[in-house]
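**Q** My structure file entry.tsv, TSV, C-alpha atoms and all ligand atoms, is below:
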```
chain	number	residue	atom	x	y	z
A	537	LEU	CA	46.32	88.89	-39.85
A	538	ASP	CA	42.67	89.98	-39.80
A	539	ASP	CA	41.53	88.50	-43.11
A	540	ARG	CA	41.47	84.75	-42.66
A	541	ASP	CA	39.18	81.87	-41.84
A	542	GLY	CA	38.96	80.61	-38.30
A	543	LYS	CA	37.55	81.50	-34.91
A	544	ILE	CA	38.52	83.95	-32.19
A	545	TRP	CA	37.14	83.69	-28.67
A	546	MET	CA	35.64	87.03	-27.68
A	547	ASP	CA	33.87	87.66	-24.38
A	548	GLY	CA	32.62	84.12	-24.04
A	549	GLU	CA	31.87	83.22	-27.65
A	550	LEU	CA	33.75	81.85	-30.61
A	551	VAL	CA	33.25	84.39	-33.39
A	552	ASP	CA	34.35	84.32	-37.01
A	553	TRP	CA	37.93	85.62	-37.34
A	554	ARG	CA	36.90	88.49	-39.66
A	555	ASP	CA	34.15	89.62	-37.27
A	556	ALA	CA	36.35	89.87	-34.16
A	557	LYS	CA	36.28	93.68	-34.04
A	558	VAL	CA	36.24	96.55	-31.54
A	559	HIS	CA	35.19	100.21	-31.88
A	560	VAL	CA	37.75	102.97	-32.65
A	561	LEU	CA	36.81	104.69	-29.37
A	562	THR	CA	37.97	101.68	-27.36
A	563	HIS	CA	39.63	103.12	-24.25
A	564	THR	CA	42.66	100.80	-24.47
A	565	LEU	CA	43.40	101.94	-28.02
A	566	HIS	CA	43.72	105.53	-26.75
A	567	TYR	CA	45.47	105.18	-23.38
A	568	GLY	CA	47.01	101.69	-23.39
A	569	CYS	CA	45.35	100.23	-20.31
A	570	GLY	CA	45.22	96.55	-21.19
A	571	ALA	CA	47.13	93.35	-20.55
A	572	PHE	CA	48.00	90.35	-22.63
A	573	GLU	CA	49.73	86.99	-22.68
A	574	GLY	CA	51.82	85.06	-25.14
A	575	VAL	CA	51.32	81.32	-24.81
A	576	ARG	CA	52.38	78.40	-26.98
A	577	ALA	CA	50.86	75.03	-27.71
A	578	TYR	CA	53.10	72.25	-28.99
A	579	LYS	CA	52.51	69.00	-30.77
A	580	THR	CA	53.21	66.08	-28.41
A	581	ASP	CA	52.80	62.30	-28.70
A	582	LYS	CA	49.50	62.55	-26.84
A	583	GLY	CA	48.19	65.41	-28.99
A	584	THR	CA	48.41	69.19	-28.96
A	585	ALA	CA	49.19	70.59	-25.52
A	586	ILE	CA	49.36	74.14	-24.15
A	587	PHE	CA	52.56	74.78	-22.23
A	588	ARG	CA	52.18	76.09	-18.66
A	589	LEU	CA	48.62	77.25	-19.28
A	590	ARG	CA	47.88	77.88	-15.59
A	591	GLU	CA	50.99	80.05	-15.09
A	592	HIS	CA	50.24	82.15	-18.18
A	593	THR	CA	46.60	82.55	-17.23
A	594	GLN	CA	47.52	83.45	-13.66
A	595	ARG	CA	49.96	86.08	-14.96
A	596	LEU	CA	47.21	87.56	-17.14
A	597	PHE	CA	44.97	87.87	-14.08
A	598	ASN	CA	47.84	89.32	-12.07
A	599	SER	CA	48.49	91.88	-14.81
A	600	ALA	CA	44.80	92.83	-14.75
A	601	LYS	CA	44.91	93.09	-10.96
A	602	ILE	CA	47.92	95.43	-11.12
A	603	LEU	CA	45.99	97.57	-13.63
A	604	ARG	CA	42.91	97.40	-11.37
A	605	MET	CA	40.88	95.80	-14.13
A	606	LYS	CA	38.25	93.34	-12.95
A	607	LEU	CA	37.97	90.55	-15.49
A	608	PRO	CA	34.41	89.29	-15.89
A	609	PHE	CA	35.73	85.71	-16.30
A	610	SER	CA	37.35	83.19	-13.98
A	611	ILE	CA	40.81	81.71	-14.51
A	612	GLU	CA	39.10	78.41	-15.41
A	613	GLN	CA	36.96	80.11	-18.05
A	614	ALA	CA	40.04	81.83	-19.51
A	615	GLU	CA	41.82	78.47	-19.65
A	616	GLU	CA	38.85	76.82	-21.36
A	617	ALA	CA	38.79	79.71	-23.85
A	618	GLN	CA	42.41	79.05	-24.78
A	619	LYS	CA	41.78	75.34	-25.26
A	620	ALA	CA	38.67	76.07	-27.32
A	621	VAL	CA	40.57	78.40	-29.67
A	622	VAL	CA	43.29	75.84	-30.42
A	623	GLN	CA	40.61	73.22	-31.09
A	624	ALA	CA	38.37	75.47	-33.17
A	625	ASN	CA	41.24	76.43	-35.46
A	626	ALA	CA	42.50	72.83	-35.69
A	627	LEU	CA	46.04	73.91	-34.81
A	628	GLU	CA	48.71	71.27	-34.10
A	629	SER	CA	51.14	73.77	-32.67
A	630	CYS	CA	50.58	77.48	-32.31
A	631	TYR	CA	51.01	80.75	-30.49
A	632	LEU	CA	48.08	81.97	-28.40
A	633	ARG	CA	47.27	85.57	-27.63
A	634	PRO	CA	44.87	86.31	-24.79
A	635	LEU	CA	44.21	90.04	-24.34
A	636	THR	CA	42.09	92.02	-21.94
A	637	TRP	CA	40.97	95.54	-22.79
A	638	LEU	CA	38.60	98.31	-21.78
A	639	GLY	CA	35.48	99.06	-23.81
A	640	SER	CA	34.36	102.20	-25.61
A	641	GLU	CA	31.73	103.47	-23.17
A	642	LYS	CA	33.74	106.59	-22.36
A	643	LEU	CA	37.07	108.30	-22.96
A	644	GLY	CA	39.23	110.38	-20.61
A	645	VAL	CA	42.22	109.07	-18.69
A	646	SER	CA	40.08	107.54	-15.96
A	647	PRO	CA	39.09	104.05	-17.04
A	648	LYS	CA	36.11	104.10	-14.67
A	649	GLY	CA	32.81	103.39	-16.35
A	650	ASN	CA	34.26	101.19	-19.05
A	651	THR	CA	33.49	97.50	-19.42
A	652	VAL	CA	36.35	94.96	-19.26
A	653	HIS	CA	36.75	92.50	-22.14
A	654	LEU	CA	38.74	89.37	-22.89
A	655	MET	CA	39.68	87.72	-26.13
A	656	VAL	CA	41.89	84.81	-27.22
A	657	ALA	CA	43.29	84.23	-30.70
A	658	ALA	CA	45.70	81.52	-31.89
A	659	TRP	CA	47.73	81.02	-35.03
A	660	ALA	CA	50.78	79.11	-36.26
A	661	TRP	CA	54.01	80.98	-35.48
A	662	GLY	CA	57.48	79.50	-35.99
A	663	ALA	CA	60.78	80.60	-34.48
A	664	TYR	CA	60.30	84.24	-33.40
A	665	LEU	CA	63.91	85.24	-34.06
A	666	GLY	CA	64.33	82.92	-37.04
A	667	GLU	CA	65.33	79.26	-37.45
A	668	ASP	CA	68.85	80.35	-38.32
A	669	GLY	CA	69.08	82.37	-35.10
A	670	MET	CA	67.99	79.33	-33.09
A	671	ALA	CA	70.92	77.32	-34.41
A	672	LYS	CA	73.62	79.94	-34.87
A	673	GLY	CA	72.71	82.72	-32.49
A	674	ILE	CA	71.51	86.25	-33.12
A	675	ARG	CA	73.15	89.69	-33.18
A	676	VAL	CA	72.01	92.08	-30.46
A	677	LYS	CA	72.49	95.79	-29.80
A	678	THR	CA	72.37	97.55	-26.44
A	679	SER	CA	69.40	99.86	-26.69
A	680	SER	CA	69.61	103.63	-26.34
A	681	TYR	CA	66.22	103.29	-24.62
A	682	THR	CA	66.13	102.49	-20.90
A	683	ARG	CA	63.90	99.66	-19.66
A	684	HIS	CA	60.96	100.69	-17.49
A	685	HIS	CA	61.87	101.61	-13.96
A	686	VAL	CA	59.93	99.45	-11.48
A	687	ASN	CA	57.87	102.43	-10.34
A	688	ILE	CA	56.93	104.00	-13.67
A	689	THR	CA	54.83	101.40	-15.38
A	690	MET	CA	54.52	98.20	-13.44
A	691	THR	CA	57.08	95.74	-14.70
A	692	GLN	CA	55.47	92.54	-13.38
A	693	ALA	CA	52.37	93.26	-15.44
A	694	LYS	CA	52.44	92.31	-19.11
A	695	THR	CA	50.61	95.45	-20.10
A	696	VAL	CA	49.90	96.76	-23.56
A	697	SER	CA	51.50	100.13	-22.80
A	698	ASN	CA	54.79	98.60	-21.60
A	699	TYR	CA	55.39	97.52	-25.17
A	700	THR	CA	55.91	101.04	-26.53
A	701	ASN	CA	59.32	100.81	-24.88
A	702	SER	CA	59.86	97.38	-26.48
A	703	ILE	CA	58.77	98.64	-29.91
A	704	LEU	CA	61.16	101.62	-29.78
A	705	ALA	CA	64.06	99.40	-28.73
A	706	ASN	CA	63.35	96.64	-31.25
A	707	THR	CA	62.84	99.11	-34.10
A	708	GLU	CA	66.09	100.90	-33.33
A	709	ALA	CA	68.04	97.63	-33.18
A	710	THR	CA	66.55	96.15	-36.35
A	711	ASP	CA	66.90	99.46	-38.26
A	712	ASP	CA	70.58	99.31	-37.35
A	713	GLY	CA	70.85	95.81	-38.80
A	714	TYR	CA	70.69	93.80	-35.58
A	715	ASP	CA	68.18	91.07	-34.74
A	716	GLU	CA	67.10	92.30	-31.30
A	717	ALA	CA	67.72	94.90	-28.60
A	718	LEU	CA	69.12	94.46	-25.09
A	719	LEU	CA	67.70	97.01	-22.67
A	720	LEU	CA	69.46	98.29	-19.55
A	721	ASP	CA	67.60	99.41	-16.44
A	722	ALA	CA	67.55	103.00	-15.17
A	723	ALA	CA	70.76	102.34	-13.20
A	724	GLY	CA	72.52	100.97	-16.29
A	725	PHE	CA	72.37	97.27	-15.44
A	726	VAL	CA	71.23	94.61	-17.91
A	727	SER	CA	67.46	94.09	-17.80
A	728	GLU	CA	66.04	92.11	-20.76
A	729	GLY	CA	65.34	92.02	-24.47
A	730	SER	CA	62.34	93.75	-26.04
A	731	GLY	CA	60.34	90.54	-25.58
A	732	GLU	CA	62.75	88.12	-23.89
A	733	ASN	CA	64.61	87.50	-20.65
A	734	VAL	CA	68.38	87.28	-20.94
A	735	PHE	CA	70.92	84.81	-19.54
A	736	ILE	CA	74.73	84.67	-19.71
A	737	VAL	CA	77.09	81.77	-19.07
A	738	LYS	CA	80.50	82.27	-17.44
A	739	ASP	CA	82.82	79.49	-16.27
A	740	GLY	CA	79.99	76.97	-16.27
A	741	VAL	CA	77.59	79.11	-14.20
A	742	ILE	CA	74.42	80.66	-15.65
A	743	TYR	CA	73.50	84.21	-14.60
A	744	THR	CA	70.33	86.21	-15.19
A	745	PRO	CA	69.27	89.65	-13.93
A	746	ASP	CA	67.17	89.62	-10.78
A	747	LEU	CA	63.71	91.10	-11.26
A	748	SER	CA	64.64	94.43	-9.63
A	749	ALA	CA	66.19	95.27	-13.03
A	750	GLY	CA	62.61	95.66	-14.32
A	751	ALA	CA	62.46	92.49	-16.38
A	752	LEU	CA	59.24	90.54	-16.74
A	753	ASN	CA	59.06	87.43	-14.56
A	754	GLY	CA	59.20	85.17	-17.60
A	755	ILE	CA	57.61	81.75	-17.49
A	756	THR	CA	60.32	80.46	-19.83
A	757	ARG	CA	62.88	82.04	-17.46
A	758	ASN	CA	61.36	79.97	-14.67
A	759	THR	CA	61.45	76.87	-16.89
A	760	ILE	CA	65.19	77.47	-17.37
A	761	PHE	CA	65.62	77.52	-13.56
A	762	HIS	CA	64.10	74.02	-13.43
A	763	ILE	CA	66.27	72.83	-16.33
A	764	CYS	CA	69.42	74.11	-14.63
A	765	GLN	CA	68.54	72.24	-11.48
A	766	ASP	CA	67.94	69.04	-13.46
A	767	LEU	CA	71.21	69.42	-15.39
A	768	GLY	CA	73.20	70.29	-12.26
A	769	ILE	CA	74.11	73.73	-13.61
A	770	LYS	CA	74.43	76.50	-11.03
A	771	LEU	CA	72.13	79.44	-11.71
A	772	VAL	CA	72.52	82.84	-10.08
A	773	GLU	CA	70.16	85.84	-10.22
A	774	LYS	CA	72.18	89.03	-9.87
A	775	ARG	CA	72.89	92.49	-11.25
A	776	ILE	CA	74.70	92.13	-14.57
A	777	THR	CA	76.67	94.82	-16.37
A	778	ARG	CA	76.76	95.26	-20.11
A	779	ASP	CA	80.48	94.44	-20.25
A	780	GLU	CA	79.87	91.19	-18.37
A	781	VAL	CA	77.86	90.16	-21.42
A	782	TYR	CA	80.75	91.08	-23.76
A	783	ILE	CA	83.14	88.79	-21.85
A	784	ALA	CA	80.64	85.99	-21.16
A	785	ASP	CA	81.31	82.54	-22.63
A	786	GLU	CA	77.72	82.28	-23.91
A	787	ALA	CA	74.48	84.22	-23.82
A	788	PHE	CA	70.88	83.47	-24.73
A	789	PHE	CA	67.39	84.95	-24.71
A	790	THR	CA	64.28	83.15	-23.46
A	791	GLY	CA	60.58	83.77	-24.00
A	792	THR	CA	57.42	82.06	-25.10
A	793	ALA	CA	57.85	83.45	-28.62
A	794	ALA	CA	61.68	83.37	-28.66
A	795	GLU	CA	61.88	79.99	-26.83
A	796	VAL	CA	65.65	79.60	-26.23
A	797	THR	CA	67.58	81.73	-28.71
A	798	PRO	CA	71.39	81.94	-28.51
A	799	ILE	CA	73.05	85.38	-28.71
A	800	ARG	CA	76.32	85.41	-30.63
A	801	GLU	CA	77.14	89.11	-30.61
A	802	LEU	CA	76.39	92.22	-28.55
A	803	ASP	CA	77.28	95.65	-29.98
A	804	ARG	CA	79.53	93.96	-32.57
A	805	VAL	CA	81.48	92.25	-29.80
A	806	GLN	CA	81.59	88.49	-30.35
A	807	ILE	CA	80.39	86.50	-27.35
A	808	GLY	CA	82.51	83.42	-26.66
A	809	SER	CA	83.11	81.49	-29.88
A	810	GLY	CA	80.47	83.52	-31.73
A	811	ALA	CA	78.19	80.51	-32.12
A	812	ARG	CA	75.60	78.68	-30.01
A	813	GLY	CA	77.54	77.60	-26.92
A	814	PRO	CA	77.50	74.05	-25.49
A	815	ILE	CA	75.59	74.97	-22.33
A	816	THR	CA	73.03	76.97	-24.32
A	817	GLU	CA	72.57	73.97	-26.59
A	818	LYS	CA	72.00	71.65	-23.62
A	819	VAL	CA	69.44	74.03	-22.13
A	820	GLN	CA	67.76	74.50	-25.51
A	821	THR	CA	67.50	70.72	-26.05
A	822	ALA	CA	66.08	70.20	-22.55
A	823	PHE	CA	63.57	72.99	-23.19
A	824	PHE	CA	62.29	71.46	-26.43
A	825	ASP	CA	62.10	68.02	-24.80
A	826	ILE	CA	59.86	69.47	-22.08
A	827	VAL	CA	57.53	71.50	-24.33
A	828	ASN	CA	57.16	68.65	-26.81
A	829	GLY	CA	56.20	66.20	-24.06
A	830	ARG	CA	59.39	64.14	-24.14
A	831	ASN	CA	60.21	64.68	-20.46
A	832	PRO	CA	57.65	62.92	-18.20
A	833	LYS	CA	58.80	64.92	-15.15
A	834	TYR	CA	57.04	67.95	-16.61
A	835	ALA	CA	53.91	66.30	-17.99
A	836	HIS	CA	51.91	68.45	-15.54
A	837	TRP	CA	53.00	71.58	-17.45
A	838	LEU	CA	51.21	70.34	-20.58
A	839	THR	CA	47.46	70.78	-20.93
A	840	LEU	CA	46.01	68.70	-23.73
A	841	VAL	CA	43.42	70.62	-25.72
A	901	LIG	N1	60.26	89.99	-21.20
A	901	LIG	C1	59.38	90.57	-22.01
A	901	LIG	C2	59.40	92.05	-22.15
A	901	LIG	C3	58.46	89.81	-22.74
A	901	LIG	O1	57.60	90.39	-23.57
A	901	LIG	C4	58.48	88.40	-22.61
A	901	LIG	C5	57.50	87.57	-23.38
A	901	LIG	N2	56.29	87.43	-22.70
A	901	LIG	C6	59.41	87.83	-21.75
A	901	LIG	C7	60.29	88.66	-21.06
A	901	LIG	C8	59.47	86.35	-21.55
A	901	LIG	O2	58.36	85.91	-20.82
A	901	LIG	P1	57.75	84.45	-21.03
A	901	LIG	O3	58.89	83.52	-20.94
A	901	LIG	O4	56.78	84.30	-19.94
A	901	LIG	O5	57.12	84.43	-22.36
```
If you convert what's in this file into structure tokens, what do you get?
**A**
Amino acid sequence: LDDRDGKIWMDGELVDWRDAKVHVLTHTLHYGCGAFEGVRAYKTDKGTAIFRLREHTQRLFNSAKILRMKLPFSIEQAEEAQKAVVQANALESCYLRPLTWLGSEKLGVSPKGNTVHLMVAAWAWGAYLGEDGMAKGIRVKTSSYTRHHVNITMTQAKTVSNYTNSILANTEATDDGYDEALLLDAAGFVSEGSGENVFIVKDGVIYTPDLSAGALNGITRNTIFHICQDLGIKLVEKRITRDEVYIADEAFFTGTAAEVTPIRELDRVQIGSGARGPITEKVQTAFFDIVNGRNPKYAHWLTLV
């Protein structure tokens, strides 16, 4: 990923992709105090547009606030940086990765005395869990790793260090031949995937864990709430048990990278018909209509670059 043409925005400047480097004594590399975002831009009739740019940028600043990192840029500057990166790399549709990190002025657990940095990169990235998975559903395994408790690392911050838990869970699941992991919270209730929020469908109602289960407050999750309202589908946030997923009619993951990905199996137990369910398909179609600019009601969620 590091050896290619293009530009990366780094601390206020567009630099050549190959020159976008940090020192090995960077504090964040050692102790994991950093925050990032995953954002997507889609091709629309009016041109390339970043989906829910303000919400993603606000979450990045919230993550930094939770970590007590003072970003030396405003939200507006961070938004302009994201637009600039999509433009500079002439991308029609892409994934964007803003990241904030601490400099290499000093090591030791205390981050005090280190400068705070911000970068944004963007590149083309297709279906995160595969095109096939999008249409047919993926196979998921309940993780042997517990999701972060709400008072260990902060679960509403999209921090670098939170992802060690995600990496362990995803590696375990994929090593065992599954596509993704489903993590339970410290009390044993369903929380989320390694990089996705989870939803189940039962008797026409959609359920998703409430955020006390330690899941990230996903922006796609919130988009699904709007879609459900538009489609007249009841949506309930509640505690969900692992066996409720086994006996659900349908299940799906959501996330900026994963978009809306159906789940067809959990722990080798077939969910519903074992294929993308009809309600999942409706939600998925509505989602892609919104992000691709085909639903005027949500034009305000699309920022043209
Ligand atoms: N949970 C985790 C752990 C994630 O990494 C992500 C992806 N950012 C999500 C949920 C979904 O969040 P969003 O829809 O905002 O991308």
**Q** Looking at only C-alpha atoms, which of A:Phe823, A:Tyr578, A:Tyr681, A:Tyr743 is the one that sits closest to Thr759 (chain A)?
**A**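 Counting only C-alpha atoms, the residue closest to Thr759 (chain A) is A:Phe823.
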**Q** Rounded to one decimal place, report the CA of Ala784 (chain A)-CA of Leu747 (chain A) distance in Å.
**A**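 It comes out at 20.3 Å.
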**Q** What does the distance between CA of Asn733 (chain A) and atom O1 of ligand LIG 901 (chain A) come to in Å, to one decimal place?
**A** 8.1 Å
**Q** Nearest to ligand LIG 901 (chain A): which of A:Ala571, A:Ala751, A:Leu635, A:Ile611 is it, counting only C-alpha atoms and all ligand atoms?
**A**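 When distances to ligand LIG 901 (chain A) are compared using only C-alpha atoms and all ligand atoms, the smallest one comes from A:Ala751.
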**Q** Wanna dump the chain A-ligand LIG 901 (chain A) contacts at 8 Å for me, each residue with its shortest atom pair and the distance in Å to one decimal, counting all atoms listed in the file, ordered by chain and number, as a tab-separated table?
**A**
```
residue	atom	partner	partner_atom	distance
A:Glu573	CA	A:LIG901	N2	6.6
A:Gly574	CA	A:LIG901	N2	5.6
A:Val575	CA	A:LIG901	O5	7.0
A:His592	CA	A:LIG901	O4	7.1
A:Lys694	CA	A:LIG901	O1	7.1
A:Tyr699	CA	A:LIG901	C2	7.4
A:Ser702	CA	A:LIG901	C2	6.9
A:Glu728	CA	A:LIG901	N1	6.2
A:Gly729	CA	A:LIG901	N1	6.4
A:Ser730	CA	A:LIG901	C2	5.2
A:Gly731	CA	A:LIG901	O1	3.4
A:Glu732	CA	A:LIG901	C7	3.8
A:Asn733	CA	A:LIG901	C7	4.5
A:Ala751	CA	A:LIG901	N1	5.9
A:Leu752	CA	A:LIG901	N1	4.6
A:Asn753	CA	A:LIG901	O2	6.5
A:Gly754	CA	A:LIG901	O2	3.4
A:Ile755	CA	A:LIG901	O4	3.6
A:Thr756	CA	A:LIG901	O3	3.6
A:Arg757	CA	A:LIG901	O3	5.5
A:Asn758	CA	A:LIG901	O3	7.6
A:Thr790	CA	A:LIG901	O3	6.0
A:Gly791	CA	A:LIG901	O3	3.5
A:Thr792	CA	A:LIG901	O5	3.6
A:Ala793	CA	A:LIG901	O5	6.4
A:Ala794	CA	A:LIG901	O5	7.8
A:Glu795	CA	A:LIG901	O3	7.5
```
**Q** From the options A:Ile783, A:Cys630, A:Val686, A:Val819, which residue's atoms come nearest to Asp766 (chain A), counting only C-alpha atoms?
**A**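 Ranking A:Ile783, A:Cys630, A:Val686, A:Val819 by distance to Asp766 (chain A), first place goes to A:Val819.
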**Q** Figure out the distance between CA of Met605 (chain A) and CA of Leu565 (chain A), please, to one decimal in Å.
**A**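 Separating CA of Leu565 (chain A) from CA of Met605 (chain A) is a distance of 15.4 Å.
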**Q** May I have the residues within 12 Å of Gln806 (chain A) as number ranges by chain, using only C-alpha atoms and disregarding those fewer than 4 positions away in the same chain?
**A** A: 673-677, 779, 781-787, 799-802, 810-812
**Q** Include C-alpha atoms and write out the residues we just selected as an mmCIF file, in the frame of the given file.
**A**
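Generated file (out.cif):
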```cif
data_model
loop_
_atom_site.group_PDB
_atom_site.id
_atom_site.type_symbol
_atom_site.label_atom_id
_atom_site.label_comp_id
_atom_site.auth_asym_id
_atom_site.auth_seq_id
_atom_site.Cartn_x
_atom_site.Cartn_y
_atom_site.Cartn_z
ATOM 1 C CA GLY A 673 72.710 82.720 -32.490
ATOM 2 C CA ILE A 674 71.510 86.250 -33.120
ATOM 3 C CA ARG A 675 73.150 89.690 -33.180
ATOM 4 C CA VAL A 676 72.010 92.080 -30.460
ATOM 5 C CA LYS A 677 72.490 95.790 -29.800
ATOM 6 C CA ASP A 779 80.480 94.440 -20.250
ATOM 7 C CA VAL A 781 77.860 90.160 -21.420
ATOM 8 C CA TYR A 782 80.750 91.080 -23.760
ATOM 9 C CA ILE A 783 83.140 88.790 -21.850
ATOM 10 C CA ALA A 784 80.640 85.990 -21.160
ATOM 11 C CA ASP A 785 81.310 82.540 -22.630
ATOM 12 C CA GLU A 786 77.720 82.280 -23.910
ATOM 13 C CA ALA A 787 74.480 84.220 -23.820
ATOM 14 C CA ILE A 799 73.050 85.380 -28.710
ATOM 15 C CA ARG A 800 76.320 85.410 -30.630
ATOM 16 C CA GLU A 801 77.140 89.110 -30.610
ATOM 17 C CA LEU A 802 76.390 92.220 -28.550
ATOM 18 C CA GLY A 810 80.470 83.520 -31.730
ATOM 19 C CA ALA A 811 78.190 80.510 -32.120
ATOM 20 C CA ARG A 812 75.600 78.680 -30.010
#
```
**Q** Pick out the closest residue to Ile776 (chain A) from this set: A:Val726, A:Ile815, A:Ile807, A:Ile703. Count all atoms listed in the file.
**A**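 For Ile776 (chain A), the nearest of the candidates is A:Val726.
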**Q** With all atoms listed in the file as the basis for distance, which of A:Ala822, A:Val622, A:Ile688, A:Met670 is at the shortest distance from Pro798 (chain A)?
**A**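 Of all the options, A:Met670 lies closest to Pro798 (chain A).
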**Q** Might you pull out every residue within 9 Å of Leu561 (chain A), with only C-alpha atoms counted and same-chain residues fewer than 3 positions away left off, and present them as a list in words?
**A**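 Skipping anything fewer than 3 positions along the chain leaves Val558, Thr564, Leu565, His566, Gly639, Ser640, Glu641, Lys642 and Leu643 of chain A.
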**Q** In terms of the shortest atom-to-atom distance over only C-alpha atoms, which of A:Gly740, A:Gly829, A:Gly548, A:Gly649 is closest to Ala617 (chain A)?
**A**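 Ranking A:Gly740, A:Gly829, A:Gly548, A:Gly649 by distance to Ala617 (chain A), first place goes to A:Gly548.
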**Q** Show me, as a list in words, the residues that have an atom within 10 Å of Ile826 (chain A) when counting all atoms listed in the file, minus same-chain residues fewer than 5 positions from it.
**A**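 Contacts, in chain order: Thr580, Phe587, Thr759, Ile763, Gln820, Thr821, Asn831, Pro832, Lys833, Tyr834, Ala835, Trp837 and Leu838 of chain A.
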**Q** Write to file, as a PDB file, in the frame of the given file, the residues of the selection just made, with C-alpha atoms.
**A**
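Final file, part-v6.pdb:
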```pdb
ATOM      1  CA  THR A 580      53.210  66.080 -28.410  1.00  0.00           C
ATOM      2  CA  PHE A 587      52.560  74.780 -22.230  1.00  0.00           C
ATOM      3  CA  THR A 759      61.450  76.870 -16.890  1.00  0.00           C
ATOM      4  CA  ILE A 763      66.270  72.830 -16.330  1.00  0.00           C
ATOM      5  CA  GLN A 820      67.760  74.500 -25.510  1.00  0.00           C
ATOM      6  CA  THR A 821      67.500  70.720 -26.050  1.00  0.00           C
ATOM      7  CA  ASN A 831      60.210  64.680 -20.460  1.00  0.00           C
ATOM      8  CA  PRO A 832      57.650  62.920 -18.200  1.00  0.00           C
ATOM      9  CA  LYS A 833      58.800  64.920 -15.150  1.00  0.00           C
ATOM     10  CA  TYR A 834      57.040  67.950 -16.610  1.00  0.00           C
ATOM     11  CA  ALA A 835      53.910  66.300 -17.990  1.00  0.00           C
ATOM     12  CA  TRP A 837      53.000  71.580 -17.450  1.00  0.00           C
ATOM     13  CA  LEU A 838      51.210  70.340 -20.580  1.00  0.00           C
TER      14      LEU A 838
END
```
**Q** Within 8 Å of (51.4, 95.6, -24.4) in the file's own coordinates, which protein, DNA or RNA residues have an atom, counting only C-alpha atoms? List them as a ChimeraX atom specification.
**A** /A:568,570-572,694-700
**Q** Generate the missing atoms of region 553-564 of chain A up to N, CA and C atoms and report them as an mmCIF file, in the coordinates of the input.
**A**
```
data_model
loop_
_atom_site.group_PDB
_atom_site.id
_atom_site.type_symbol
_atom_site.label_atom_id
_atom_site.label_comp_id
_atom_site.auth_asym_id
_atom_site.auth_seq_id
_atom_site.Cartn_x
_atom_site.Cartn_y
_atom_site.Cartn_z
ATOM 1 N N TRP A 553 36.675 84.843 -37.408
ATOM 2 C CA TRP A 553 37.930 85.620 -37.340
ATOM 3 C C TRP A 553 37.717 87.048 -37.867
ATOM 4 N N ARG A 554 37.054 87.165 -39.023
ATOM 5 C CA ARG A 554 36.900 88.490 -39.660
ATOM 6 C C ARG A 554 35.931 89.398 -38.894
ATOM 7 N N ASP A 555 35.127 88.809 -38.020
ATOM 8 C CA ASP A 555 34.150 89.620 -37.270
ATOM 9 C C ASP A 555 34.629 89.991 -35.868
ATOM 10 N N ALA A 556 35.837 89.611 -35.527
ATOM 11 C CA ALA A 556 36.350 89.870 -34.160
ATOM 12 C C ALA A 556 36.873 91.307 -34.093
ATOM 13 N N LYS A 557 35.944 92.253 -33.931
ATOM 14 C CA LYS A 557 36.280 93.680 -34.040
ATOM 15 C C LYS A 557 35.913 94.457 -32.784
ATOM 16 N N VAL A 558 36.605 95.610 -32.599
ATOM 17 C CA VAL A 558 36.240 96.550 -31.540
ATOM 18 C C VAL A 558 36.056 97.936 -32.158
ATOM 19 N N HIS A 559 35.448 98.856 -31.399
ATOM 20 C CA HIS A 559 35.190 100.210 -31.880
ATOM 21 C C HIS A 559 36.449 101.078 -31.798
ATOM 22 N N VAL A 560 36.553 102.092 -32.670
ATOM 23 C CA VAL A 560 37.750 102.970 -32.650
ATOM 24 C C VAL A 560 37.852 103.800 -31.366
ATOM 25 N N LEU A 561 36.754 103.933 -30.628
ATOM 26 C CA LEU A 561 36.810 104.690 -29.370
ATOM 27 C C LEU A 561 37.095 103.786 -28.161
ATOM 28 N N THR A 562 37.574 102.592 -28.438
ATOM 29 C CA THR A 562 37.970 101.680 -27.360
ATOM 30 C C THR A 562 39.018 102.361 -26.472
ATOM 31 N N HIS A 563 38.759 102.415 -25.194
ATOM 32 C CA HIS A 563 39.630 103.120 -24.250
ATOM 33 C C HIS A 563 41.090 102.659 -24.343
ATOM 34 N N THR A 564 41.300 101.361 -24.432
ATOM 35 C CA THR A 564 42.660 100.800 -24.470
ATOM 36 C C THR A 564 43.438 101.277 -25.696
#
```
